[in-house]
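As stored in structure19.cif (mmCIF, C-alpha atoms (C1' of nucleotides)):
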```
data_query
loop_
_atom_site.label_atom_id
_atom_site.label_comp_id
_atom_site.auth_asym_id
_atom_site.auth_seq_id
_atom_site.Cartn_x
_atom_site.Cartn_y
_atom_site.Cartn_z
CA MET J 1 -25.35 5.54 -18.86
CA ASN J 2 -28.22 7.75 -19.83
CA ILE J 3 -30.85 5.60 -21.40
CA ARG J 4 -33.76 7.87 -21.88
CA GLU J 5 -36.89 6.27 -20.61
CA ASN J 6 -39.36 8.16 -22.71
CA ILE J 7 -38.59 7.89 -26.35
CA ARG J 8 -41.22 9.10 -28.73
CA PRO J 9 -42.37 6.06 -30.64
CA GLY J 10 -41.72 6.23 -34.35
CA GLY J 11 -39.04 8.85 -33.95
CA ARG J 12 -35.46 8.49 -34.99
CA SER J 13 -34.34 7.50 -31.51
CA ALA J 14 -36.86 4.71 -31.43
CA ARG J 15 -35.71 3.40 -34.80
CA VAL J 16 -32.06 3.44 -33.76
CA GLN J 17 -32.89 1.71 -30.51
CA ALA J 18 -34.88 -0.94 -32.30
CA SER J 19 -32.21 -1.67 -34.87
CA VAL J 20 -29.48 -1.78 -32.25
CA HIS J 21 -31.48 -4.12 -30.04
CA LYS J 22 -32.21 -6.34 -33.00
CA ALA J 23 -28.56 -6.37 -33.97
CA VAL J 24 -27.63 -7.44 -30.46
CA ARG J 25 -30.17 -10.25 -30.42
CA ASP J 26 -29.09 -11.47 -33.82
CA LEU J 27 -25.41 -11.40 -32.98
CA LEU J 28 -25.88 -13.09 -29.62
CA SER J 29 -27.78 -15.90 -31.25
CA SER J 30 -25.17 -16.46 -33.93
CA MET J 31 -21.86 -16.12 -32.13
CA ASP J 32 -20.06 -16.39 -28.86
CA ARG J 33 -20.85 -13.49 -26.57
CA ALA J 34 -17.15 -12.80 -26.02
CA GLU J 35 -16.86 -11.94 -29.72
CA VAL J 36 -19.68 -9.42 -29.68
CA THR J 37 -18.30 -5.90 -29.68
CA ILE J 38 -19.84 -2.48 -30.02
CA PRO J 39 -18.27 -1.75 -33.41
CA LEU J 40 -19.71 -5.06 -34.62
CA ILE J 41 -23.16 -4.29 -33.30
CA ALA J 42 -22.97 -0.83 -34.83
CA THR J 43 -22.15 -2.21 -38.26
CA GLN J 44 -24.90 -4.80 -38.04
CA ALA J 45 -27.39 -2.15 -36.95
CA GLY J 46 -26.31 0.30 -39.62
CA VAL J 47 -25.32 2.85 -37.06
CA THR J 48 -22.16 4.58 -35.93
CA PRO J 49 -20.31 3.18 -32.92
CA SER J 50 -20.25 6.56 -31.27
CA THR J 51 -24.03 6.58 -31.27
CA ILE J 52 -24.04 3.42 -29.21
CA TYR J 53 -21.34 4.66 -26.89
CA ARG J 54 -23.20 7.88 -26.29
CA ARG J 55 -26.55 6.26 -25.71
CA TRP J 56 -25.57 3.20 -23.71
CA GLY J 57 -22.09 3.94 -22.47
CA ASP J 58 -20.72 0.46 -22.77
CA LEU J 59 -21.43 -3.06 -23.90
CA GLN J 60 -22.64 -4.21 -20.49
CA GLU J 61 -25.33 -1.58 -20.33
CA LEU J 62 -26.49 -2.37 -23.81
CA LEU J 63 -26.58 -6.11 -23.20
CA ALA J 64 -28.45 -5.52 -19.97
CA ASP J 65 -30.91 -3.30 -21.74
CA VAL J 66 -31.65 -5.99 -24.28
CA ALA J 67 -31.77 -8.68 -21.62
CA VAL J 68 -34.36 -6.91 -19.47
CA GLU J 69 -36.59 -6.62 -22.46
CA ARG J 70 -36.28 -10.29 -23.26
CA LEU J 71 -36.93 -11.22 -19.65
CA ARG J 72 -40.25 -9.39 -19.64
CA PRO J 73 -42.97 -12.06 -19.56
CA ASP J 74 -45.11 -11.99 -22.66
CA ALA J 75 -48.23 -13.41 -21.03
CA MET J 76 -49.92 -13.84 -17.69
CA PRO J 77 -49.51 -17.24 -16.03
CA LYS J 78 -51.87 -19.85 -17.42
CA ASP J 79 -55.05 -20.64 -15.49
CA THR J 80 -55.01 -24.36 -14.84
CA GLY J 81 -57.88 -24.47 -12.38
CA SER J 82 -56.11 -24.42 -9.04
CA ALA J 83 -53.59 -22.28 -7.27
CA LEU J 84 -51.24 -25.18 -6.73
CA SER J 85 -51.10 -26.28 -10.32
CA ASP J 86 -50.93 -22.66 -11.52
CA LEU J 87 -47.96 -22.06 -9.30
CA GLU J 88 -46.28 -25.34 -10.15
CA LEU J 89 -46.62 -24.79 -13.85
CA TRP J 90 -45.47 -21.22 -13.72
CA ALA J 91 -42.49 -22.04 -11.50
CA GLU J 92 -41.39 -24.92 -13.67
CA GLN J 93 -41.44 -22.77 -16.76
CA TYR J 94 -39.69 -19.96 -14.95
CA ALA J 95 -36.97 -22.30 -13.71
CA ASP J 96 -36.51 -23.80 -17.16
CA GLU J 97 -36.19 -20.50 -18.90
CA MET J 98 -33.83 -19.05 -16.35
CA ALA J 99 -31.67 -22.15 -16.17
CA SER J 100 -31.20 -22.34 -19.93
CA GLY J 101 -27.98 -21.03 -21.42
CA PRO J 102 -29.54 -17.85 -22.82
CA GLY J 103 -31.58 -17.37 -19.65
CA ARG J 104 -28.56 -17.49 -17.41
CA ALA J 105 -26.67 -15.18 -19.73
CA MET J 106 -29.47 -12.64 -19.63
CA ILE J 107 -29.65 -12.71 -15.87
CA ARG J 108 -25.94 -12.20 -15.63
CA ASP J 109 -26.12 -9.31 -18.08
CA VAL J 110 -28.81 -7.67 -16.01
CA LEU J 111 -26.92 -8.09 -12.76
CA ALA J 112 -23.61 -7.02 -14.25
CA SER J 113 -24.96 -3.69 -15.39
CA ASP J 114 -26.37 -2.94 -12.03
CA GLY J 115 -25.16 0.00 -10.08
CA ALA J 116 -26.71 1.92 -12.91
CA GLU J 117 -29.46 4.41 -12.40
CA VAL J 118 -32.30 2.39 -13.75
CA ARG J 119 -32.08 -0.69 -11.49
CA LYS J 120 -32.62 -3.21 -14.20
CA ALA J 121 -32.53 -6.10 -11.78
CA GLY J 122 -35.34 -4.49 -9.85
CA LYS J 123 -37.38 -4.39 -13.01
CA CYS J 124 -36.97 -8.13 -13.49
CA CYS J 125 -37.97 -8.70 -9.92
CA ALA J 126 -41.06 -6.57 -10.49
CA TYR J 127 -42.04 -8.67 -13.51
CA THR J 128 -41.84 -11.76 -11.34
CA ARG J 129 -43.93 -10.19 -8.61
CA GLU J 130 -46.60 -9.28 -11.15
CA GLN J 131 -46.80 -12.83 -12.33
CA VAL J 132 -47.05 -14.24 -8.86
CA GLN J 133 -49.60 -11.59 -7.94
CA ALA J 134 -51.72 -12.64 -10.90
CA ILE J 135 -51.73 -16.22 -9.65
CA ALA J 136 -52.56 -14.99 -6.15
CA ASP J 137 -55.42 -12.86 -7.42
CA ARG J 138 -56.93 -15.78 -9.26
CA ALA J 139 -56.58 -17.94 -6.18
CA GLY J 140 -58.41 -15.24 -4.23
CA GLU J 141 -61.22 -15.17 -6.77
CA ARG J 142 -61.59 -18.92 -6.41
CA GLY J 143 -61.72 -18.59 -2.66
CA GLU J 144 -58.45 -20.49 -2.25
CA THR J 145 -55.92 -19.53 0.40
CA PHE J 146 -52.66 -18.29 -1.04
CA PRO J 147 -49.51 -17.07 0.66
CA ASP J 148 -48.26 -13.53 0.49
CA VAL J 149 -46.35 -12.69 -2.69
CA GLU J 150 -43.23 -12.03 -0.63
CA GLU J 151 -43.44 -15.54 0.76
CA VAL J 152 -43.49 -16.90 -2.74
CA ILE J 153 -40.50 -14.76 -3.67
CA ASP J 154 -38.54 -15.87 -0.61
CA HIS J 155 -39.30 -19.57 -0.69
CA LEU J 156 -39.92 -20.41 -4.32
CA VAL J 157 -38.36 -17.82 -6.62
CA ALA J 158 -35.28 -17.15 -4.53
CA PRO J 159 -34.19 -20.79 -4.17
CA ILE J 160 -34.65 -21.34 -7.90
CA MET J 161 -32.56 -18.30 -8.74
CA TYR J 162 -29.90 -18.99 -6.16
CA ARG J 163 -29.30 -22.48 -7.43
CA ILE J 164 -29.19 -21.34 -11.01
CA LEU J 165 -26.77 -18.52 -10.33
CA PHE J 166 -24.46 -19.94 -7.71
CA ASP J 167 -24.77 -23.64 -7.82
CA GLU J 168 -23.75 -26.25 -10.28
CA THR J 169 -27.23 -27.69 -10.02
CA PRO J 170 -30.31 -25.94 -11.32
CA PRO J 171 -33.40 -27.29 -9.55
CA THR J 172 -35.22 -30.21 -11.12
CA ALA J 173 -38.90 -30.01 -12.01
CA ALA J 174 -39.66 -32.23 -9.02
CA GLN J 175 -37.79 -29.94 -6.68
CA VAL J 176 -39.60 -26.91 -8.02
CA ARG J 177 -42.96 -28.61 -7.57
CA ALA J 178 -41.97 -29.59 -4.05
CA LEU J 179 -41.16 -25.99 -3.20
CA ALA J 180 -44.48 -24.84 -4.61
CA ALA J 181 -46.46 -27.56 -2.85
CA ARG J 182 -44.85 -26.78 0.45
CA LEU J 183 -45.79 -23.12 0.16
CA LEU J 184 -49.45 -23.94 -0.32
CA ASP J 185 -49.39 -26.68 2.29
CA GLY J 186 -49.41 -24.27 5.15
CA ARG J 187 -46.00 -25.65 6.08
CA GLY J 188 -44.38 -22.58 4.67
CA MET U 1 -9.04 -17.53 -19.12
CA ASN U 2 -6.39 -19.88 -17.85
CA ILE U 3 -5.87 -19.20 -14.21
CA ARG U 4 -3.60 -21.93 -13.09
CA GLU U 5 -4.86 -23.48 -9.91
CA ASN U 6 -1.58 -24.81 -8.61
CA ILE U 7 0.97 -22.10 -8.35
CA ARG U 8 4.09 -22.93 -6.47
CA PRO U 9 4.14 -20.66 -3.45
CA GLY U 10 7.07 -18.28 -3.33
CA GLY U 11 7.67 -18.52 -7.05
CA ARG U 12 7.55 -15.67 -9.47
CA SER U 13 4.00 -16.45 -10.50
CA ALA U 14 2.84 -16.28 -6.93
CA ARG U 15 4.54 -12.92 -6.43
CA VAL U 16 2.98 -11.48 -9.57
CA GLN U 17 -0.43 -12.79 -8.58
CA ALA U 18 -0.09 -11.32 -5.12
CA SER U 19 0.97 -7.91 -6.34
CA VAL U 20 -1.74 -7.79 -8.97
CA HIS U 21 -4.41 -8.81 -6.49
CA LYS U 22 -3.17 -6.22 -4.05
CA ALA U 23 -3.17 -3.57 -6.75
CA VAL U 24 -6.78 -4.42 -7.58
CA ARG U 25 -7.86 -4.23 -3.96
CA ASP U 26 -6.07 -0.94 -3.45
CA LEU U 27 -7.47 0.61 -6.59
CA LEU U 28 -11.01 -0.58 -5.92
CA SER U 29 -10.90 0.96 -2.48
CA SER U 30 -9.63 4.30 -3.69
CA MET U 31 -11.57 4.94 -6.88
CA ASP U 32 -14.70 4.26 -8.82
CA ARG U 33 -14.71 0.77 -10.29
CA ALA U 34 -15.52 2.14 -13.74
CA GLU U 35 -12.16 3.92 -13.73
CA VAL U 36 -10.16 0.80 -12.94
CA THR U 37 -8.44 -0.50 -16.05
CA ILE U 38 -5.91 -3.22 -16.70
CA PRO U 39 -3.12 -0.82 -17.69
CA LEU U 40 -3.74 1.01 -14.42
CA ILE U 41 -3.63 -2.14 -12.37
CA ALA U 42 -0.49 -3.21 -14.18
CA THR U 43 1.26 0.04 -13.37
CA GLN U 44 0.19 -0.12 -9.75
CA ALA U 45 1.35 -3.72 -9.49
CA GLY U 46 4.66 -3.02 -11.20
CA VAL U 47 3.88 -5.44 -13.95
CA THR U 48 3.32 -5.34 -17.68
CA PRO U 49 -0.26 -5.18 -18.97
CA SER U 50 0.34 -8.12 -21.26
CA THR U 51 1.13 -10.24 -18.24
CA ILE U 52 -2.31 -9.55 -16.87
CA TYR U 53 -4.01 -10.10 -20.19
CA ARG U 54 -2.27 -13.41 -20.64
CA ARG U 55 -2.97 -14.67 -17.15
CA TRP U 56 -6.50 -13.45 -16.62
CA GLY U 57 -7.80 -12.62 -20.07
CA ASP U 58 -9.82 -9.60 -19.12
CA LEU U 59 -10.78 -7.27 -16.33
CA GLN U 60 -13.90 -9.21 -15.37
CA GLU U 61 -11.98 -12.39 -14.77
CA LEU U 62 -9.41 -10.59 -12.70
CA LEU U 63 -12.00 -8.77 -10.62
CA ALA U 64 -13.85 -12.03 -10.10
CA ASP U 65 -10.65 -13.72 -9.04
CA VAL U 66 -10.02 -11.09 -6.43
CA ALA U 67 -13.64 -11.09 -5.32
CA VAL U 68 -13.80 -14.83 -4.69
CA GLU U 69 -10.78 -14.57 -2.50
CA ARG U 70 -12.31 -11.76 -0.49
CA LEU U 71 -15.57 -13.65 -0.15
CA ARG U 72 -13.83 -16.62 1.45
CA PRO U 73 -14.85 -16.64 5.10
CA ASP U 74 -11.93 -16.13 7.42
CA ALA U 75 -13.38 -18.01 10.37
CA MET U 76 -15.93 -20.62 11.28
CA PRO U 77 -19.26 -19.34 12.57
CA LYS U 78 -19.17 -18.36 16.23
CA ASP U 79 -20.46 -20.81 18.83
CA THR U 80 -23.13 -18.99 20.80
CA GLY U 81 -24.51 -21.98 22.64
CA SER U 82 -27.52 -22.90 20.52
CA ALA U 83 -28.25 -23.73 16.92
CA LEU U 84 -30.82 -20.99 16.61
CA SER U 85 -28.62 -18.20 17.85
CA ASP U 86 -25.63 -19.56 15.89
CA LEU U 87 -27.68 -19.50 12.73
CA GLU U 88 -29.23 -16.11 13.44
CA LEU U 89 -25.90 -14.51 14.16
CA TRP U 90 -24.21 -16.03 11.16
CA ALA U 91 -27.06 -15.12 8.81
CA GLU U 92 -27.21 -11.55 10.03
CA GLN U 93 -23.52 -11.09 9.46
CA TYR U 94 -23.72 -12.79 6.10
CA ALA U 95 -26.60 -10.56 5.02
CA ASP U 96 -24.82 -7.44 6.21
CA GLU U 97 -21.61 -8.22 4.42
CA MET U 98 -23.31 -9.17 1.21
CA ALA U 99 -25.67 -6.21 1.22
CA SER U 100 -22.88 -3.69 1.71
CA GLY U 101 -21.62 -1.77 -1.29
CA PRO U 102 -18.37 -3.72 -1.59
CA GLY U 103 -20.18 -6.98 -0.88
CA ARG U 104 -22.67 -6.46 -3.66
CA ALA U 105 -19.90 -5.42 -6.02
CA MET U 106 -17.95 -8.59 -5.26
CA ILE U 107 -20.95 -10.80 -5.85
CA ARG U 108 -21.60 -9.12 -9.15
CA ASP U 109 -17.98 -9.54 -10.15
CA VAL U 110 -18.14 -13.22 -9.37
CA LEU U 111 -21.35 -13.76 -11.29
CA ALA U 112 -20.24 -11.65 -14.24
CA SER U 113 -17.15 -13.74 -14.82
CA ASP U 114 -19.12 -16.90 -14.81
CA GLY U 115 -19.25 -19.07 -17.85
CA ALA U 116 -15.58 -19.50 -17.15
CA GLU U 117 -14.08 -22.86 -16.46
CA VAL U 118 -13.52 -22.48 -12.79
CA ARG U 119 -17.10 -21.81 -11.63
CA LYS U 120 -16.25 -19.06 -9.25
CA ALA U 121 -19.84 -18.67 -8.15
CA GLY U 122 -19.87 -22.33 -7.21
CA LYS U 123 -16.88 -21.74 -5.02
CA CYS U 124 -18.70 -19.03 -3.11
CA CYS U 125 -21.66 -21.31 -2.72
CA ALA U 126 -19.34 -23.99 -1.36
CA TYR U 127 -17.94 -21.58 1.20
CA THR U 128 -21.46 -20.89 2.39
CA ARG U 129 -22.30 -24.58 2.60
CA GLU U 130 -19.21 -25.17 4.72
CA GLN U 131 -20.25 -22.50 7.14
CA VAL U 132 -23.76 -23.83 7.45
CA GLN U 133 -22.44 -27.35 7.79
CA ALA U 134 -20.25 -26.25 10.67
CA ILE U 135 -23.29 -24.87 12.46
CA ALA U 136 -25.18 -28.07 11.71
CA ASP U 137 -22.35 -30.23 13.04
CA ARG U 138 -22.24 -28.31 16.28
CA ALA U 139 -26.00 -28.60 16.62
CA GLY U 140 -25.63 -32.36 16.14
CA GLU U 141 -22.97 -32.56 18.83
CA ARG U 142 -25.31 -30.77 21.21
CA GLY U 143 -28.09 -33.18 20.35
CA GLU U 144 -30.19 -30.43 18.77
CA THR U 145 -32.26 -31.07 15.66
CA PHE U 146 -31.10 -29.12 12.67
CA PRO U 147 -32.42 -29.01 9.12
CA ASP U 148 -30.52 -30.28 6.13
CA VAL U 149 -27.93 -27.87 4.78
CA GLU U 150 -29.83 -27.67 1.49
CA GLU U 151 -32.91 -26.52 3.39
CA VAL U 152 -30.88 -23.73 4.89
CA ILE U 153 -29.55 -22.76 1.49
CA ASP U 154 -33.02 -22.73 -0.05
CA HIS U 155 -34.90 -20.95 2.69
CA LEU U 156 -32.37 -18.72 4.39
CA VAL U 157 -29.40 -18.05 2.14
CA ALA U 158 -31.32 -17.88 -1.12
CA PRO U 159 -33.90 -15.32 0.03
CA ILE U 160 -31.16 -13.14 1.46
CA MET U 161 -29.19 -13.26 -1.78
CA TYR U 162 -32.19 -12.81 -4.01
CA ARG U 163 -33.29 -9.69 -2.22
CA ILE U 164 -29.81 -8.24 -2.25
CA LEU U 165 -29.26 -8.91 -5.92
CA PHE U 166 -32.63 -8.24 -7.46
CA ASP U 167 -34.59 -6.19 -5.07
CA GLU U 168 -34.33 -2.66 -3.91
CA THR U 169 -34.64 -3.93 -0.36
CA PRO U 170 -31.95 -5.97 1.35
CA PRO U 171 -33.49 -7.96 4.19
CA THR U 172 -33.54 -6.38 7.64
CA ALA U 173 -31.93 -8.08 10.63
CA ALA U 174 -35.41 -8.90 11.90
CA GLN U 175 -36.38 -10.55 8.63
CA VAL U 176 -33.21 -12.59 8.61
CA ARG U 177 -33.83 -13.76 12.15
CA ALA U 178 -37.40 -14.63 11.23
CA LEU U 179 -36.20 -16.79 8.34
CA ALA U 180 -33.73 -18.55 10.63
CA ALA U 181 -36.24 -19.08 13.39
CA ARG U 182 -38.76 -20.50 10.97
CA LEU U 183 -36.25 -23.04 9.70
CA LEU U 184 -35.57 -24.36 13.20
CA ASP U 185 -39.22 -24.21 14.17
CA GLY U 186 -40.09 -27.29 12.25
CA ARG U 187 -42.34 -25.07 10.15
CA GLY U 188 -39.83 -25.12 7.38
"C1'" DA D 1 -42.27 26.55 -44.10
"C1'" DC D 2 -38.88 27.86 -40.78
"C1'" DC D 3 -36.32 27.40 -36.13
"C1'" DT D 4 -34.57 24.81 -32.43
"C1'" DA D 5 -32.93 21.14 -29.65
"C1'" DA D 6 -31.66 16.59 -29.42
"C1'" DA D 7 -29.56 12.93 -31.40
"C1'" DA D 8 -26.77 10.90 -35.19
"C1'" DG D 9 -22.69 10.88 -38.26
"C1'" DC D 10 -17.85 11.54 -39.10
"C1'" DA D 11 -13.04 11.55 -38.19
"C1'" DA D 12 -9.10 12.39 -35.37
"C1'" DA D 13 -7.04 11.46 -30.95
"C1'" DT D 14 -6.58 8.54 -27.25
"C1'" DT D 15 -6.54 4.29 -24.87
"C1'" DA D 16 -6.90 -0.59 -24.43
"C1'" DT D 17 -5.88 -5.19 -26.23
"C1'" DT D 18 -3.37 -8.60 -28.84
"C1'" DT D 19 0.66 -10.71 -30.46
"C1'" DG D 20 5.46 -12.16 -31.89
"C1'" DC D 21 9.63 -12.25 -30.07
"C1'" DT D 22 13.17 -11.77 -26.30
"C1'" DT D 23 14.61 -12.14 -21.61
"C1'" DT D 24 14.42 -13.85 -16.97
"C1'" DA D 25 13.73 -16.89 -13.14
"C1'" DG D 26 12.80 -21.01 -11.16
"C1'" DT D 27 13.30 -26.45 -11.58
"C1'" DG D 28 15.47 -30.67 -12.16
"C1'" DG D 29 19.39 -33.45 -13.89
"C1'" DG D 30 23.80 -34.30 -13.69
"C1'" DC F 1 27.16 -26.39 -7.84
"C1'" DC F 2 26.37 -25.58 -12.53
"C1'" DC F 3 23.87 -26.25 -16.74
"C1'" DA F 4 19.97 -26.86 -19.68
"C1'" DC F 5 14.93 -26.52 -20.04
"C1'" DT F 6 10.43 -24.65 -19.45
"C1'" DA F 7 7.08 -21.52 -18.05
"C1'" DA F 8 6.04 -17.05 -17.32
"C1'" DA F 9 7.29 -12.09 -17.73
"C1'" DG F 10 8.90 -8.07 -20.38
"C1'" DC F 11 8.96 -5.29 -24.46
"C1'" DA F 12 7.25 -3.09 -28.47
"C1'" DA F 13 4.72 -2.97 -32.64
"C1'" DA F 14 0.24 -3.78 -34.63
"C1'" DT F 15 -4.57 -3.83 -34.16
"C1'" DA F 16 -8.94 -2.70 -32.15
"C1'" DA F 17 -11.97 -0.21 -29.15
"C1'" DT F 18 -13.35 4.09 -26.99
"C1'" DT F 19 -13.69 9.03 -26.48
"C1'" DT F 20 -14.38 13.48 -28.22
"C1'" DG F 21 -15.05 17.87 -30.89
"C1'" DC F 22 -17.41 19.27 -34.54
"C1'" DT F 23 -20.92 18.94 -38.37
"C1'" DT F 24 -25.19 17.33 -40.15
"C1'" DT F 25 -29.75 15.52 -39.87
"C1'" DT F 26 -34.40 15.12 -38.15
"C1'" DA F 27 -38.51 15.45 -35.58
"C1'" DG F 28 -41.46 18.80 -33.16
"C1'" DG F 29 -43.10 23.28 -32.17
"C1'" DT F 30 -44.17 27.98 -33.80
#
```

What would you get if you wrote out this structure as structure tokens?
Amino acid sequence: MNIRENIRPGGRSARVQASVHKAVRDLLSSMDRAEVTIPLIATQAGVTPSTIYRRWGDLQELLADVAVERLRPDAMPKDTGSALSDLELWAEQYADEMASGPGRAMIRDVLASDGAEVRKAGKCCAYTREQVQAIADRAGERGETFPDVEEVIDHLVAPIMYRILFDETPPTAAQVRALAARLLDGRG
Amino acid sequence: MNIRENIRPGGRSARVQASVHKAVRDLLSSMDRAEVTIPLIATQAGVTPSTIYRRWGDLQELLADVAVERLRPDAMPKDTGSALSDLELWAEQYADEMASGPGRAMIRDVLASDGAEVRKAGKCCAYTREQVQAIADRAGERGETFPDVEEVIDHLVAPIMYRILFDETPPTAAQVRALAARLLDGRG
DNA sequence: ACCTAAAAGCAAATTATTTGCTTTAGTGGG
DNA sequence: CCCACTAAAGCAAATAATTTGCTTTTAGGT
């Protein structure tokens, strides 16, 4: 639907958005997602259902909206001294978060809403690129060689995501480290 | 919900399933997916809405059910004489189908329904593995070296899927061929 | 302090979903 | 071949979600 991108902070819109988002997070953490409905969220947020319908259109859009926000990384990848260990650590954490129950649910919410105007999935992808770029930049500063960000997306991020989404088997920490090592090995 | 796996062919259940699936396919091809509702499908299929609700639970499950069936490959990968060209051709076709509007929609349907018992996404993944395995087997018969199927999933299928799902940019034919070539090069 | 536009509230109308009960169609036993 | 049994479908009433027209509120600009 028509989620306005530029909401004046502190205004009424911003307050409604905040309380609705909070209501969604609270409800998702306390009950099965199949039970979460817009009228419920509205009540919890102290808002009228029609407000939510008009702003977000449907439950999927709203869930996706909340999910994208929660998928935004809160910090830059940790500096552990070398590109390899930076990448390994970051990838392990990324894989863990995404493979967790809530992580998978958020990804699915984001993908399900897609076809929308705002390309929420693209936003998530951009977050990931930023993180990888930060690791690459640090490697550059240290004088280390580091593959192109797109290489990292294709051969580290993509396999992790694919296995989480499609496969029964999320990658183990060892597998993730192996993927990372291989990228920096020159073999990839 | 409770999609029974073993339906006696020719029975009433099978007929209902067939007509509902057909109704979904027809409606999806002739209108916007946001307009497709269960009562509509029921009417089109000549069936009562409650039948659909009881069998599939909700629209997402039904759409996913139809999508998995349409994502099942109808033939084994073509034999073009060498592992590399087999893999290139298959991957290009795979990428094309999945990146198309209907392809993307089907993938999203499958993923959205997930969390269900039947692991529809896993089924799709299994189809893909079978196809790759067939190429691998042929390569073996020819005496060619061929990477492990999991390698192909990680470094060819996964990047294709990731870019289709998350990125603005589905991979070009050239990129797909490059990924395939790299796998058989020994570099991957 | 007013005026305006955008967004929220309210409530009625519509539409989708759930559910209890009835009917029908296939299956297996005689 | 017919009868009983079971699983699934139909029907319709009850409930819940969604849409919509209209009114009210509120933040921002004059």

Within 10 Å of range 46-50 of chain U using all atoms listed in the file, minus same-chain residues under 2 positions, as a list in words: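 Residues meeting the cut-off are Val16, Ser19, Val20, Ala23, Thr37, Ile38, Pro39, Leu40, Ile41, Ala42, Thr43, Gln44, Ile52, Tyr53, Arg54, Arg55, Trp56 and Gly57 of chain U; DA16, DT17, DT18 and DT19 of chain D; DA9, DG10 and DC11 of chain F.
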
Interface list for chain F, partner chain J, 12 Å threshold, only C-alpha atoms (C1' of nucleotides), as number ranges by chain: F: 16-20, 25-28

I want to know what sits within 9 Å of Arg104 in chain J, based on all atoms listed in the file, with residues of the same chain fewer than 6 positions away left out; could you give that as a short mmCIF file (atom, residue, chain, number, x, y, z; two decimals) with C-alpha atoms, in the coordinates of the input?
```cif
data_model
loop_
_atom_site.label_atom_id
_atom_site.label_comp_id
_atom_site.auth_asym_id
_atom_site.auth_seq_id
_atom_site.Cartn_x
_atom_site.Cartn_y
_atom_site.Cartn_z
CA GLU J 97 -36.19 -20.50 -18.90
CA MET J 98 -33.83 -19.05 -16.35
CA ILE J 164 -29.19 -21.34 -11.01
CA LEU J 165 -26.77 -18.52 -10.33
#
```

Point-to-point distance from C1' of DT30 in chain F to CA of Ile7 in chain J, Å rounded to tenths: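 These atoms are spaced 22.1 Å apart.
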
Å distance separating CA of Thr80 in chain J from CA of Arg142 in chain J, one decimal place: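 Going from CA of Thr80 in chain J over to CA of Arg142 in chain J, I get 12.0 Å.
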
Range 143-152 of chain J environment, 7 Å, only C-alpha atoms (C1' of nucleotides), sequence neighbours closer than 4 positions dropped, as an NGL selection string: :J and (129 or 132-133 or 136 or 139 or 156-157 or 184)

Ground truth for the PyMOL selection byres ((chain J) within 8 of (chain U)), written as a ChimeraX atom specification: /J:108-109,111-112,121-122,124-125,153-155,158-159,161-162,165-168,187-188

Picked residues, the PyMOL selection byres ((chain U and resi 78) around 12), expected as a VMD selection string: chain U and resid 74 to 77 79 to 91 93 131 to 132 134 to 135 138

At most 9 Å to chain J: residues in chain D, all atoms listed in the file, as a PyMOL selection string: chain D and resi 7-10

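In this structure, C1' of DA12 in chain F sits 28.8 Å away from CA of Arg25 in chain U.
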
For DC3 in chain F: contacts at 12 Å, only C-alpha atoms (C1' of nucleotides), fewer than 4 positions along chain excluded, given as a list in words: DT27, DG28, DG29 and DG30 of chain D

Write to file, as a tab-separated table (two decimals), keeping the file's coordinate frame, the residues of the selection just made, with C-alpha atoms (C1' of nucleotides).
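So out-v1.tsv came out as:
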```
chain	number	residue	atom	x	y	z
D	27	DT	C1'	13.30	-26.45	-11.58
D	28	DG	C1'	15.47	-30.67	-12.16
D	29	DG	C1'	19.39	-33.45	-13.89
D	30	DG	C1'	23.80	-34.30	-13.69
```
